[in-house]
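Visitor: Sharing a structure here in structure tokens format.
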Amino acid sequence: MTNHYKYIIFHKPYGVLSQFTQESPKHSTLKNYIDVPDVYPVGRLDWDSEGLLLLTNDGQLQHRLAHPRFGHERTYWVQVERIPDADAINKLQTGVEIQNYRTLPAKVRLLSQEPPVCDRTPPIRFRKNVPTAWLEMTLTEGKNRQVRRMTAAVGFPTLRLVRVSITHLQLDGLHPGQWRDLTPSEFKWLDNFPKTNGSNSK
């Protein structure tokens with residue numbers, strides 16, 4: 001019954017638009033990496049963000065995953081300028097004001113070491129006298145450029161942003177530019193994703 005549907009996990013590189021249509025020569029598109037017909041991204045990642053992007057031709061699933069009422073966790077590794085203090089972390093956890101909107105509570109922690117990310121091309125700007133740090137941030141909403149606006153609001157601008165999971169879906173060792181089909185267990189979770197419930201539970 002579901003064998004005509006396709007489900008793909010893609011590791012979107014920096015500088016790639018989350019669409020197949022080429023609008024300008026400045027950025028690559030999904031067409032440069034994915035040759036599977038008729039699949040479209042669920043949600044989006046900004047051109048300057050990296051990481052997990054789910055694509056499918058299952059329109060009902062796209063709606064359920066993208067609709068705000070079906071809040072689900074998205075986890076990011078975020079490299080920021082300077083080292084956030086406890087007050088900044090607490091503000092990110094409890095909610096900050098961005099463009100007349102207060103963000104929902106989020107899970108945020110300062111990582112003790114750099115996470116296992118691939119090198120980025122081009123690399124982030126390096127400033128000799130300005131240290132950087134990595135945060136792990138898990139949100140249940142996806143406003144436009146939300147993570148970047150949140151870290152900027154507490155004084156620690158984002159330098160690099162990598163989405164590493166959408167609920168239980170993980171990159172699982174995919175390198176930038178690589179994609180794979182979902183595993184049977186991953187598909188089973190998607191098939192059971194809330195269809196009518198407006199709950200924010202995961």
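Residue numbers start at 1 in each chain; chains themselves are named A, B, ... in the order of the structure tokens; ligands are numbered from 1 in the order shown.
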Just the residues within 8 Å of range 120-137 of chain A, please, counting only C-alpha atoms, with nothing from its chain fewer than 2 positions along; format it as a count of residues only.

Guide: 25

Visitor: With only C-alpha atoms as the counted atoms, please give the residues lying no more than 10 Å from Glu186 in chain A, apart from itself and same-chain residues fewer than 6 positions off, as a VMD selection string.

Guide: chain A and resid 7 168 to 170

Visitor: For the selection you just gave me, I'd like the residues written to a file as a PDB file, in the first residue's frame, keeping all heavy atoms.

Guide:
```pdb
ATOM      1  N   TYR A   7      10.991   7.773   0.630  1.00  0.00           N
ATOM      2  CA  TYR A   7      11.416   8.513   1.822  1.00  0.00           C
ATOM      3  C   TYR A   7      12.937   8.525   1.840  1.00  0.00           C
ATOM      4  O   TYR A   7      13.573   7.468   1.872  1.00  0.00           O
ATOM      5  CB  TYR A   7      10.869   7.879   3.098  1.00  0.00           C
ATOM      6  CG  TYR A   7       9.371   7.706   3.101  1.00  0.00           C
ATOM      7  CD1 TYR A   7       8.787   6.543   2.613  1.00  0.00           C
ATOM      8  CD2 TYR A   7       8.530   8.713   3.572  1.00  0.00           C
ATOM      9  CE1 TYR A   7       7.405   6.375   2.602  1.00  0.00           C
ATOM     10  CE2 TYR A   7       7.151   8.559   3.567  1.00  0.00           C
ATOM     11  CZ  TYR A   7       6.596   7.394   3.078  1.00  0.00           C
ATOM     12  OH  TYR A   7       5.230   7.234   3.058  1.00  0.00           O
ATOM     13  N   HIS A 168      13.556  10.739  15.817  1.00  0.00           N
ATOM     14  CA  HIS A 168      14.500   9.618  15.856  1.00  0.00           C
ATOM     15  C   HIS A 168      15.292   9.469  14.556  1.00  0.00           C
ATOM     16  O   HIS A 168      16.168   8.614  14.466  1.00  0.00           O
ATOM     17  CB  HIS A 168      13.745   8.312  16.117  1.00  0.00           C
ATOM     18  CG  HIS A 168      13.123   7.746  14.882  1.00  0.00           C
ATOM     19  ND1 HIS A 168      12.223   8.467  14.141  1.00  0.00           N
ATOM     20  CD2 HIS A 168      13.304   6.561  14.243  1.00  0.00           C
ATOM     21  CE1 HIS A 168      11.856   7.733  13.092  1.00  0.00           C
ATOM     22  NE2 HIS A 168      12.493   6.577  13.128  1.00  0.00           N
ATOM     23  N   LEU A 169      14.987  10.273  13.541  1.00  0.00           N
ATOM     24  CA  LEU A 169      15.729  10.193  12.278  1.00  0.00           C
ATOM     25  C   LEU A 169      17.093  10.853  12.437  1.00  0.00           C
ATOM     26  O   LEU A 169      17.180  11.997  12.881  1.00  0.00           O
ATOM     27  CB  LEU A 169      14.954  10.868  11.154  1.00  0.00           C
ATOM     28  CG  LEU A 169      13.546  10.336  10.859  1.00  0.00           C
ATOM     29  CD1 LEU A 169      12.908  11.140   9.735  1.00  0.00           C
ATOM     30  CD2 LEU A 169      13.588   8.849  10.512  1.00  0.00           C
ATOM     31  N   GLN A 170      18.162  10.137  12.069  1.00  0.00           N
ATOM     32  CA  GLN A 170      19.526  10.619  12.271  1.00  0.00           C
ATOM     33  C   GLN A 170      20.311  10.557  10.968  1.00  0.00           C
ATOM     34  O   GLN A 170      19.980   9.783  10.066  1.00  0.00           O
ATOM     35  CB  GLN A 170      20.240   9.754  13.316  1.00  0.00           C
ATOM     36  CG  GLN A 170      19.433   9.479  14.560  1.00  0.00           C
ATOM     37  CD  GLN A 170      19.923  10.241  15.781  1.00  0.00           C
ATOM     38  OE1 GLN A 170      20.967  10.886  15.731  1.00  0.00           O
ATOM     39  NE2 GLN A 170      19.195  10.150  16.862  1.00  0.00           N
TER      40      GLN A 170
END
```

Visitor: I'd like a table as CSV: residues in range 30-78 of chain A with an atom no more than 12 Å from range 179-183 of chain A, each row giving the shortest atom pair and its distance in Å to one decimal, only C-alpha atoms counted, sorted by chain and rising residue number.

Guide:
```
residue,atom,partner,partner_atom,distance
A:Leu30,CA,A:Trp179,CA,10.8
A:Tyr33,CA,A:Trp179,CA,8.3
A:Ile34,CA,A:Trp179,CA,7.6
A:Asp35,CA,A:Trp179,CA,10.4
A:Val36,CA,A:Trp179,CA,10.5
A:Val39,CA,A:Asp181,CA,11.9
A:Gly51,CA,A:Trp179,CA,10.9
A:Leu52,CA,A:Trp179,CA,9.4
A:Leu53,CA,A:Trp179,CA,9.2
A:Leu54,CA,A:Leu182,CA,9.4
A:Leu55,CA,A:Asp181,CA,9.6
A:Thr56,CA,A:Asp181,CA,10.0
```

Visitor: CA of Met150 in chain A and CA of Gly95 in chain A are how many Å apart?

Guide: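 Taking CA of Met150 in chain A and CA of Gly95 in chain A, their separation equals 8.5 Å.
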
Visitor: Would you mind listing what lies within 9 Å of Asp46 in chain A as number ranges by chain, with only C-alpha atoms counted and same-chain residues fewer than 6 positions away left out?

Guide: A: 14-18, 144-145

Visitor: Please dump the current selection as a compact mmCIF listing (two decimals), in the first residue's frame; keep C-alpha atoms.

Guide:
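Output file out_22.txt follows:
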```
# COMPACT_ATOMS: atom_id res chain seq x y z
CA TYR A 14 26.46 24.40 3.14
CA GLY A 15 25.43 26.66 0.27
CA VAL A 16 22.71 24.38 -1.11
CA LEU A 17 19.10 25.56 -1.40
CA SER A 18 16.39 23.23 -0.04
CA ASN A 144 12.40 31.37 9.91
CA ARG A 145 16.11 31.35 10.86
```

Visitor: So how far away is CA of Phe10 in chain A from CA of Phe187 in chain A, in Å?

Guide: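 We find that CA of Phe187 in chain A and CA of Phe10 in chain A lie 15.0 Å from each other.
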
Visitor: Mind checking which residues fall within 10 Å of Ala88 in chain A, counting only C-alpha atoms, ignoring those fewer than 6 positions away in the same chain, and posting them as an MDAnalysis selection string?

Guide: chainID A and resid 96 151 153:156

Visitor: As a compact mmCIF listing (two decimals) with N, CA and C atoms, in the first residue's frame, please: every residue in range 83-188 of chain A that DSSP puts in alpha helix (DSSP H).

Guide:
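Writing the result to part-v6.txt gives the following:
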```txt
# COMPACT_ATOMS: atom_id res chain seq x y z
N ALA A 86 25.98 30.77 31.73
CA ALA A 86 24.79 30.09 32.24
C ALA A 86 23.53 30.92 32.01
N ASP A 87 23.64 32.23 32.11
CA ASP A 87 22.48 33.10 31.92
C ASP A 87 21.97 33.00 30.47
N ALA A 88 22.89 32.99 29.52
CA ALA A 88 22.50 32.88 28.11
C ALA A 88 21.85 31.53 27.84
N ILE A 89 22.41 30.47 28.38
CA ILE A 89 21.85 29.14 28.20
C ILE A 89 20.43 29.08 28.77
N ASN A 90 20.24 29.66 29.96
CA ASN A 90 18.93 29.65 30.60
C ASN A 90 17.89 30.40 29.77
N LYS A 91 18.31 31.53 29.19
CA LYS A 91 17.39 32.30 28.35
C LYS A 91 16.99 31.49 27.11
N LEU A 92 17.95 30.81 26.49
CA LEU A 92 17.63 29.99 25.33
C LEU A 92 16.69 28.85 25.70
N GLN A 93 16.86 28.31 26.90
CA GLN A 93 16.02 27.20 27.36
C GLN A 93 14.59 27.63 27.64
N THR A 94 14.44 28.81 28.22
CA THR A 94 13.11 29.25 28.65
C THR A 94 12.36 30.03 27.59
N GLN A 146 15.28 30.61 12.99
CA GLN A 146 15.02 30.71 14.43
C GLN A 146 16.26 30.52 15.28
N VAL A 147 17.04 29.46 15.02
CA VAL A 147 18.21 29.20 15.86
C VAL A 147 19.18 30.37 15.80
N ARG A 148 19.44 30.87 14.62
CA ARG A 148 20.37 32.00 14.47
C ARG A 148 19.85 33.24 15.21
N ARG A 149 18.55 33.48 15.12
CA ARG A 149 17.99 34.64 15.80
C ARG A 149 18.00 34.47 17.31
N MET A 150 17.82 33.23 17.77
CA MET A 150 17.86 32.98 19.21
C MET A 150 19.24 33.22 19.79
N THR A 151 20.28 32.68 19.16
CA THR A 151 21.63 32.86 19.72
C THR A 151 22.07 34.31 19.61
N ALA A 152 21.66 35.00 18.54
CA ALA A 152 22.01 36.41 18.41
C ALA A 152 21.31 37.24 19.49
N ALA A 153 20.08 36.85 19.85
CA ALA A 153 19.32 37.59 20.85
C ALA A 153 19.98 37.56 22.22
N PRO A 184 13.58 0.27 7.41
CA PRO A 184 12.22 -0.17 7.78
C PRO A 184 11.78 0.36 9.14
N SER A 185 12.69 0.40 10.13
CA SER A 185 12.29 0.88 11.45
C SER A 185 12.01 2.38 11.42
N GLU A 186 12.77 3.13 10.63
CA GLU A 186 12.51 4.57 10.50
C GLU A 186 11.16 4.80 9.82
N PHE A 187 10.89 4.02 8.78
CA PHE A 187 9.61 4.17 8.09
C PHE A 187 8.46 3.82 9.02
N LYS A 188 8.63 2.80 9.85
CA LYS A 188 7.57 2.41 10.78
C LYS A 188 7.21 3.57 11.69
```
